[in-house]
Amino acid sequence: MNRSHVLWLVAAWLGFAVLPWHVPSSRFAHEVPWPSGLMLSLTGAEPWLVPIALVLVLPAMALAAEGIGRANLLVASGCAGLVALLAQGFLVGLDGWAFAALDEAFGAVEGQAGLGLGALVTAFALLFLLTTGLAGRGAMKGDRFTTGAIGLVVSSILVFVFFPVAHILAGAATPDGDMSGMAAFVARLTAADIWSLACLAGEGRCGVAWTSVFVATLTGIVTTLLGLAFALVATRTNFPFKRALRLLTVLPIITPPFVIGLAVILLFGRNGTVTLALSDWFGLTSTRWIYGLPGILLTQALAFTPIAFLVMVGIVQGISPSMEEAAQTLRADRWRTFRRVTWPLLRPGLANAFLIGFIESLADFGNPLVLGGNYEVLSTKIFYAVVGAQHDPGRAAALAIVLLSLCIGAFMAQRLWLGRRSYTTMSGKGDAGLPAALPGWLKASIYAVALPWAAFTFLLYVLILFGGFVVNWGRDNSFTLRHYETGFGLAWGEHGLQWTGRAWNSLFTTLEIAAVSAPLTAGMGLLTAYLLVRQRFAGQGAFEFMTLLSFAIPGTVIGVSYILAYNEPPVELTGTAVILVLCFIFRNMPVSIRAGVAAMSQIDRSLDECALTLRSGSARTVRRVIIPLLRPAIVAALVYSFVRAITSVSAVIFLVSARHDLATSYIVGRVEAGDFGLAIAYSSVLIVLMGLGILFIQWIVGERRLSRRSSADLKPFKVTA
Amino acid sequence: MTIAPKPGGVEFRNVSRRYGAVVAVDNVSFVVDPGTLVTLLGPSGCGKTTTLRMIAGLESASSGTIMIGGKDVTRLPATDRNVTMVFQSYALFPHMTVLENVGFGLEVSPLSRSEREARSSEGLRLVGLAGYEKRLPSELSGGQQQRVAVARALVLEPEVLLFDEPLSNLDAKLRRRMRDDIRDLQRSLGLTSVYVTHDQEEALAVSDRIIVMNRAVIAQEGSPRDLYQRPADRFVADFIGGANLIDGVVTGRDGPTATVRVGAMTLDVQAPGIATGDVVVAVRPQAIRVEPVASDATLEVTVRKATYLGSHMEYALDSAVGELFAVDQDVSRAVSTGSLAHVRFDPRGIALVGR
């Protein structure tokens, strides 16, 4: 305990006495020559920092204490320090006291900028002093590494997931005109444009909540059925090109979500190939019919069928062939076997796949943005409430609450209700036997559905790759490299190589931020997985639920909540690269958690326990035993965090700034401006880059099942003692 | 470099382990003397493994005090206890060679690299695996892996060496040999060992003392002979050695000899400390002899099933005092299924326990 005590004590004082306490701010150019926390409190510039200084004396005094007394002192100082730090941060805003009552009590003060590096280091040090103390009191069998890891994961999820989400609630309750906060909250949440059912009566539009649920339900049904058809083709037929079907499951990982929408426009838009052909041959006038419900539905079905496929393959393979063989020995024919045995066993999986499609559709932002037209769904409406002419954060927050509730509701239904009803028979015993053959007509119909669909999907990707080489799709189909030159031009100037292309800037920023966030994401995710799989502690159920819940939050909601929460002190991050990195870490953590959980569940627990009895602490056990055995999972988590950071759009579109623009938001901007050529060229570049990345990882790690979003297989991992 | 552990004793004082409402170990107290091998024996779920893991520090006690080598270690994590363990699955690190596995625990010691390797090699020599240093665990047989696990636990010279069902993954022949090897090693090095098993024969074979656990508490503790000859209750009587449990009545006693009535029979049994009144008579299967003729001391039975097993006969019998299971060494006098027979109870194979 001694060493980490001293280490964190030194860190705390380093953060408080040496490093600058605040983020740099022109508004608070203090006279204080060295604006560390200590100087600010000593000179009386920011007297509210004095309590922190006083608390930081405690752990130093604790050095003299022994045993449980020292541990108690550390816990007390950690708690008191964090409370003092947070309290001053929330009580003193940019313009002085945050509450009028404090003005009267203490007199007006000047205000302060957001917490900076010094505050960050101090906060971490206080947190780890607290966890060191808890370990000293015997928590987690006295293991400092584990208590520290739990403290780190829990507090970061609180600060970067729950705190922003809480801000949405607060945002929806900001007073509006002469309405009080509560009244405004109720008014916003019950607004007619969210809940109206007018369209049922044939007069006007229905509320956006209903339209979103409608699309999501349709998407859920369509993707589930398609997914089932593909799963049956892949597992229950002798279809010769099964590996090609596997490729289908990789596509969504490497594709930014709106790219499918772009491809659909190339086919069915006003100048789309199909539209033009129809008007040539049959004289049909080209319309914008694809923009709206048909377009959204088509693109989402295309985009999310692979995920349903992944889920259903797992379910279909999980049905033990011996059950079907048993049915056959009981004189059931193929159809009876399928209807009475296979189908009932599939049902929970179908419900699961449906809910996943439902959640994906609700959370989807890119496709409705590109193809929605006048058809509004929650995610795009939130976007326009923030960035559009209306700029109404309160309304955005209210819409975000509705979307969040729907997603979490579906997510909970999936977890709580289906979690227990899975009939998959994974016994771990080798299950010999051959699955029953499908009834002939069923086989014919799944072929008839799945194969054209697969061909259509591949066709769209081919179109995207070609679309970038065409001057103006549909109007002028001559070959050109113009779009690539505009985006990725290089020139030799007097200063050597010049990156003249317009896309370079955002591409480099994207790669940079993805590269920074990937190791952090992988680290946090694997650490969380370690705690979930390898440790037992009080409140683990709540901990697991908390990490899982943060998966269910749609990107648009995260985006809105981040701007609401980190726009002003105590945490001021808007417009920085840091906010993008943070957003990626907490959006993409689920992938690493899943990779880690899957890999760690396969490593016998007695290996770590054995290392512990061989006088190796948890930290050394992780380093010497777990990490070497987890290497493939680590590489996978790294690369997928990287790839997902590059392809995601829904959250970051709210967070980018002129200085830190990202590839996806740049492409969406081009689409909105009608500049399809560059958008398609840029998308192709991303797809090819990501595809190479995936090939690289497949080559290193070998074939592994992966999917784009967390919810793709939320099979509850068993926590067994 | 020699391996010379300094054996320490283990003491549990009123130790409990609770998981929420479930009590895995309930107020258990016992002492393991230095240099002895004590077995924790019981059916699965009885709390024996939890007890072992509390000695190792892998589980923490909910209440009570755990002493090792005279020091209170109740709050000490596994890493800081001078205790090592041989795991049921052996838990060899698959990415390290045999030598690296054995030397893993020594890495944090102040020994130099060459000293560590010398010590590890000595450990491997002790378990008869000299020459296997460069192999990976996957290149060893089950029995060899077991030996590596033992060597790895030995080289740290622990005060207490724990075995968690160490033989359960080996086949029957190898099991017998490994248990003798473990016992020899424990004796020659003077180790304190705590050994968990659910196999009563294994426990009888290797232990100085046996602690029988049932439903989170200690059912009985004593030497192998004590437990077999003087079980404290019907659970122990049945669990160790197996027994036919028959209701009887002690009608009188003469010193250590009690007179007990079972059905129509009256038997004189060595049973000090059993008061007159209702008792359970535990009759070992080997103590039931098939007799050719009826007498005062025999019981009439119907042979429900007779099984020929080469060296002996096994009988399932129906009688006035209930169903009986008997093992008779005398194959030549076998009776056949469905016939009537007479059996006699040998008092030397009978124990009385309170009802």
# chains A, B, ... in the order shown; residues from 1 in each chain; ligands from 1
$ interface_residues --of "chain B" --to "chain A" --cutoff "8 Å" --atoms "only C-alpha atoms" --output "PyMOL selection string"
chain B and resi 56-60+75-81+83-87+89+91-93+95+104-106+108+153+156
$ select_by_dssp --residues "range 92-191 of chain B" --states "alpha helix (DSSP H)" --output "ChimeraX atom specification"
/B:98-103,113-126,142-154,172-189
$ select_by_dssp --residues "range 62-270 of chain B" --states "strand (DSSP E or B)" --output "PyMOL selection string"
chain B and resi 63-68+71-72+83-86+160-164+192-197+209-214+217-222+244-254+257-262+265-270
$ residues_around --residues "range 278-288 of chain B" --least-positions-apart "2" --cutoff "6 Å" --atoms "only C-alpha atoms" --output "list in words"
Ala243, Asn244, Leu245, Ile246, Asp247, Gly248, Val249, Phe325, Ala326, Val327, Arg344, Phe345, Asp346, Gly349, Ile350, Ala351, Leu352, Val353, Gly354 and Arg355 of chain B
$ atom_distance --atom1 "CA of Leu302 in chain A" --atom2 "CA of Arg594 in chain A"
24.5 Å
$ residues_around --residues "Ile634 in chain A" --least-positions-apart "2" --cutoff "10 Å" --atoms "only C-alpha atoms" --output "list in words"
Pro519, Ala522, Gly523, Gly525, Leu526, Ser592, Ala595, Gly596, Ala599, Ile627, Pro628, Leu629, Leu630, Arg631, Pro632, Ala636, Ala637, Leu638, Val639, Tyr640 and Val701 of chain A
$ atom_distance --atom1 "CA of Ala308 in chain A" --atom2 "CA of Trp335 in chain A"
24.1 Å
$ closest_residue --among "A:Asn72, A:Asn567, A:Thr576, A:Gln88" --to "Pro47 in chain A" --atoms "only C-alpha atoms"
A:Gln88
$ residues_around --residues "range 270-273 of chain B" --least-positions-apart "3" --cutoff "8 Å" --atoms "only C-alpha atoms" --output "number ranges by chain"
B: 230, 255-258, 347-348, 351-352
$ atom_distance --atom1 "CA of Gly177 in chain A" --atom2 "CA of Tyr384 in chain A"
21.0 Å
$ closest_residue --among "B:Ser332, B:Ser121, B:Ser29, B:Thr302" --to "Ala320 in chain B" --atoms "only C-alpha atoms"
B:Thr302
$ residues_around --residues "range 33-46 of chain B" --least-positions-apart "6" --cutoff "10 Å" --atoms "only C-alpha atoms" --output "PyMOL selection string"
chain B and resi 5-11+24-25+52+68-69+159-165+183+186-200+202-204+206-224+236+239-240
$ write_last_selection --atoms "C-alpha atoms" --output "mmCIF file, in the first residue's frame"
data_model
loop_
_atom_site.group_PDB
_atom_site.id
_atom_site.type_symbol
_atom_site.label_atom_id
_atom_site.label_comp_id
_atom_site.auth_asym_id
_atom_site.auth_seq_id
_atom_site.Cartn_x
_atom_site.Cartn_y
_atom_site.Cartn_z
ATOM 1 C CA PRO B 5 9.917 -25.684 3.198
ATOM 2 C CA LYS B 6 9.347 -24.420 6.705
ATOM 3 C CA PRO B 7 6.006 -26.018 7.456
ATOM 4 C CA GLY B 8 3.447 -23.910 9.283
ATOM 5 C CA GLY B 9 0.177 -24.857 10.878
ATOM 6 C CA VAL B 10 -3.260 -23.726 9.790
ATOM 7 C CA GLU B 11 -5.996 -22.749 12.182
ATOM 8 C CA ALA B 24 -20.997 -21.872 1.876
ATOM 9 C CA VAL B 25 -18.985 -22.408 5.056
ATOM 10 C CA LEU B 52 -9.382 -24.544 0.790
ATOM 11 C CA ILE B 68 -1.214 -19.636 9.144
ATOM 12 C CA GLY B 69 2.094 -20.335 10.855
ATOM 13 C CA GLU B 159 4.356 -22.990 4.743
ATOM 14 C CA VAL B 160 1.281 -24.806 3.490
ATOM 15 C CA LEU B 161 0.784 -26.642 0.193
ATOM 16 C CA LEU B 162 -2.815 -26.982 -0.960
ATOM 17 C CA PHE B 163 -4.215 -29.614 -3.309
ATOM 18 C CA ASP B 164 -7.603 -29.046 -4.929
ATOM 19 C CA GLU B 165 -8.837 -32.424 -6.173
ATOM 20 C CA ARG B 183 2.172 -38.629 -0.030
ATOM 21 C CA GLN B 186 4.855 -34.610 1.538
ATOM 22 C CA ARG B 187 6.408 -36.955 4.104
ATOM 23 C CA SER B 188 9.987 -36.600 2.910
ATOM 24 C CA LEU B 189 9.873 -32.793 2.790
ATOM 25 C CA GLY B 190 7.824 -32.550 5.979
ATOM 26 C CA LEU B 191 5.221 -30.374 4.227
ATOM 27 C CA THR B 192 2.026 -29.138 5.763
ATOM 28 C CA SER B 193 -0.649 -30.016 3.229
ATOM 29 C CA VAL B 194 -4.365 -29.556 2.939
ATOM 30 C CA TYR B 195 -5.939 -31.806 0.364
ATOM 31 C CA VAL B 196 -9.458 -31.580 -1.011
ATOM 32 C CA THR B 197 -11.208 -34.580 -2.493
ATOM 33 C CA HIS B 198 -14.624 -36.145 -2.768
ATOM 34 C CA ASP B 199 -13.168 -39.626 -3.086
ATOM 35 C CA GLN B 200 -13.231 -41.297 0.321
ATOM 36 C CA GLU B 202 -8.255 -41.422 -1.803
ATOM 37 C CA ALA B 203 -8.760 -39.576 1.477
ATOM 38 C CA LEU B 204 -8.242 -42.708 3.544
ATOM 39 C CA VAL B 206 -3.200 -40.219 1.839
ATOM 40 C CA SER B 207 -4.303 -38.504 5.052
ATOM 41 C CA ASP B 208 -2.927 -38.128 8.537
ATOM 42 C CA ARG B 209 -6.285 -36.685 9.484
ATOM 43 C CA ILE B 210 -9.553 -36.263 7.615
ATOM 44 C CA ILE B 211 -12.081 -33.488 8.072
ATOM 45 C CA VAL B 212 -15.438 -34.619 6.720
ATOM 46 C CA MET B 213 -17.652 -31.728 5.674
ATOM 47 C CA ASN B 214 -21.351 -31.773 4.900
ATOM 48 C CA ARG B 215 -23.670 -28.848 4.222
ATOM 49 C CA ALA B 216 -21.158 -26.136 5.101
ATOM 50 C CA VAL B 217 -20.195 -27.556 8.486
ATOM 51 C CA ILE B 218 -17.677 -30.128 9.746
ATOM 52 C CA ALA B 219 -19.447 -33.442 10.176
ATOM 53 C CA GLN B 220 -16.527 -35.195 11.845
ATOM 54 C CA GLU B 221 -12.779 -34.985 12.061
ATOM 55 C CA GLY B 222 -10.238 -37.624 12.956
ATOM 56 C CA SER B 223 -7.756 -40.190 11.690
ATOM 57 C CA PRO B 224 -8.838 -42.428 8.793
ATOM 58 C CA VAL B 236 -20.223 -40.073 7.918
ATOM 59 C CA PHE B 239 -20.038 -41.498 3.175
ATOM 60 C CA ILE B 240 -16.888 -43.260 4.380
#
$ residues_around --residues "Gly111 in chain A" --least-positions-apart "5" --cutoff "8 Å" --atoms "only C-alpha atoms" --output "list in words"
Val92, Gly93, Leu94, Asp95, Gly96 and Trp97 of chain A
$ decode --residues "range 256-293 of chain A" --atoms "N, CA, C and O atoms" --output "compact mmCIF listing (two decimals), in the first residue's frame"
# COMPACT_ATOMS: atom_id res chain seq x y z
N PRO A 256 -19.19 3.26 -43.95
CA PRO A 256 -19.90 4.31 -43.22
C PRO A 256 -21.39 4.13 -43.49
O PRO A 256 -21.79 3.78 -44.61
N PRO A 257 -22.25 4.35 -42.49
CA PRO A 257 -23.64 3.93 -42.59
C PRO A 257 -24.42 4.55 -43.76
O PRO A 257 -25.35 3.93 -44.26
N PHE A 258 -24.06 5.74 -44.22
CA PHE A 258 -24.88 6.40 -45.24
C PHE A 258 -24.47 6.01 -46.66
O PHE A 258 -25.10 6.41 -47.61
N VAL A 259 -23.39 5.24 -46.78
CA VAL A 259 -22.88 4.92 -48.11
C VAL A 259 -23.90 4.10 -48.90
O VAL A 259 -24.09 4.31 -50.10
N ILE A 260 -24.59 3.20 -48.20
CA ILE A 260 -25.64 2.43 -48.86
C ILE A 260 -26.68 3.39 -49.42
O ILE A 260 -27.18 3.22 -50.54
N GLY A 261 -27.00 4.41 -48.65
CA GLY A 261 -27.96 5.41 -49.11
C GLY A 261 -27.49 6.07 -50.40
O GLY A 261 -28.27 6.24 -51.34
N LEU A 262 -26.22 6.38 -50.46
CA LEU A 262 -25.67 6.99 -51.68
C LEU A 262 -25.85 6.06 -52.87
O LEU A 262 -26.27 6.48 -53.95
N ALA A 263 -25.54 4.79 -52.64
CA ALA A 263 -25.64 3.83 -53.73
C ALA A 263 -27.08 3.70 -54.20
O ALA A 263 -27.35 3.58 -55.41
N VAL A 264 -28.00 3.73 -53.26
CA VAL A 264 -29.41 3.62 -53.63
C VAL A 264 -29.82 4.82 -54.47
O VAL A 264 -30.57 4.70 -55.44
N ILE A 265 -29.27 5.99 -54.13
CA ILE A 265 -29.58 7.17 -54.93
C ILE A 265 -29.06 7.00 -56.36
O ILE A 265 -29.71 7.36 -57.33
N LEU A 266 -27.88 6.39 -56.48
CA LEU A 266 -27.33 6.17 -57.81
C LEU A 266 -28.24 5.29 -58.67
O LEU A 266 -28.27 5.41 -59.88
N LEU A 267 -29.01 4.42 -58.00
CA LEU A 267 -29.91 3.55 -58.76
C LEU A 267 -31.30 4.15 -58.94
O LEU A 267 -31.85 4.16 -60.02
N PHE A 268 -31.83 4.67 -57.83
CA PHE A 268 -33.24 5.03 -57.84
C PHE A 268 -33.51 6.53 -57.69
O PHE A 268 -34.65 6.95 -57.64
N GLY A 269 -32.46 7.31 -57.54
CA GLY A 269 -32.66 8.75 -57.44
C GLY A 269 -33.20 9.31 -58.75
O GLY A 269 -33.44 8.57 -59.71
N ARG A 270 -33.38 10.62 -58.83
CA ARG A 270 -33.98 11.18 -60.06
C ARG A 270 -33.11 10.92 -61.27
O ARG A 270 -33.60 10.74 -62.37
N ASN A 271 -31.79 10.90 -61.08
CA ASN A 271 -30.91 10.58 -62.19
C ASN A 271 -30.34 9.17 -62.07
O ASN A 271 -29.31 8.86 -62.66
N GLY A 272 -30.99 8.37 -61.26
CA GLY A 272 -30.49 7.03 -61.03
C GLY A 272 -30.61 6.16 -62.26
O GLY A 272 -31.45 6.41 -63.14
N THR A 273 -29.77 5.14 -62.34
CA THR A 273 -29.74 4.28 -63.51
C THR A 273 -31.11 3.64 -63.78
O THR A 273 -31.62 3.66 -64.89
N VAL A 274 -31.69 3.10 -62.75
CA VAL A 274 -32.98 2.41 -62.91
C VAL A 274 -34.05 3.41 -63.30
O VAL A 274 -34.84 3.19 -64.23
N THR A 275 -34.08 4.56 -62.61
CA THR A 275 -35.09 5.57 -62.91
C THR A 275 -35.01 6.00 -64.37
O THR A 275 -36.03 6.08 -65.06
N LEU A 276 -33.79 6.27 -64.84
CA LEU A 276 -33.62 6.72 -66.22
C LEU A 276 -34.04 5.63 -67.20
O LEU A 276 -34.70 5.89 -68.20
N ALA A 277 -33.67 4.41 -66.89
CA ALA A 277 -34.01 3.30 -67.79
C ALA A 277 -35.53 3.16 -67.89
O ALA A 277 -36.08 3.01 -68.99
N LEU A 278 -36.18 3.26 -66.74
CA LEU A 278 -37.64 3.14 -66.76
C LEU A 278 -38.28 4.26 -67.57
O LEU A 278 -39.23 4.04 -68.32
N SER A 279 -37.73 5.47 -67.43
CA SER A 279 -38.34 6.57 -68.18
C SER A 279 -38.04 6.43 -69.68
O SER A 279 -38.85 6.79 -70.51
N ASP A 280 -36.86 5.88 -70.01
CA ASP A 280 -36.55 5.65 -71.42
C ASP A 280 -37.48 4.62 -72.04
O ASP A 280 -38.02 4.79 -73.10
N TRP A 281 -37.62 3.48 -71.30
CA TRP A 281 -38.35 2.36 -71.88
C TRP A 281 -39.86 2.53 -71.79
O TRP A 281 -40.58 2.22 -72.71
N PHE A 282 -40.32 3.02 -70.64
CA PHE A 282 -41.77 3.05 -70.44
C PHE A 282 -42.33 4.46 -70.38
O PHE A 282 -43.52 4.65 -70.13
N GLY A 283 -41.46 5.45 -70.49
CA GLY A 283 -41.92 6.83 -70.43
C GLY A 283 -42.41 7.25 -69.06
O GLY A 283 -43.19 8.19 -68.93
N LEU A 284 -41.95 6.53 -68.01
CA LEU A 284 -42.33 6.95 -66.66
C LEU A 284 -41.57 8.22 -66.30
O LEU A 284 -40.38 8.30 -66.54
N THR A 285 -42.24 9.20 -65.74
CA THR A 285 -41.53 10.39 -65.32
C THR A 285 -40.73 10.07 -64.08
O THR A 285 -41.18 9.35 -63.20
N SER A 286 -39.52 10.62 -64.04
CA SER A 286 -38.70 10.35 -62.86
C SER A 286 -39.18 11.23 -61.70
O SER A 286 -39.39 12.42 -61.87
N THR A 287 -39.35 10.58 -60.58
CA THR A 287 -39.83 11.31 -59.40
C THR A 287 -38.84 11.11 -58.26
O THR A 287 -37.86 10.37 -58.38
N ARG A 288 -39.15 11.74 -57.17
CA ARG A 288 -38.31 11.59 -55.99
C ARG A 288 -38.89 10.54 -55.04
O ARG A 288 -38.74 10.65 -53.82
N TRP A 289 -39.56 9.54 -55.59
CA TRP A 289 -40.26 8.58 -54.72
C TRP A 289 -39.35 7.89 -53.72
O TRP A 289 -39.76 7.54 -52.64
N ILE A 290 -38.08 7.74 -54.09
CA ILE A 290 -37.19 6.99 -53.19
C ILE A 290 -36.90 7.78 -51.91
O ILE A 290 -36.62 7.21 -50.86
N TYR A 291 -37.00 9.09 -51.99
CA TYR A 291 -36.74 9.90 -50.80
C TYR A 291 -37.93 9.80 -49.87
O TYR A 291 -39.04 10.17 -50.23
N GLY A 292 -37.71 9.31 -48.68
CA GLY A 292 -38.80 9.13 -47.73
C GLY A 292 -38.82 7.71 -47.22
O GLY A 292 -37.79 7.02 -47.22
N LEU A 293 -40.00 7.26 -46.84
CA LEU A 293 -40.11 5.93 -46.24
C LEU A 293 -39.50 4.82 -47.09
O LEU A 293 -38.73 4.00 -46.57
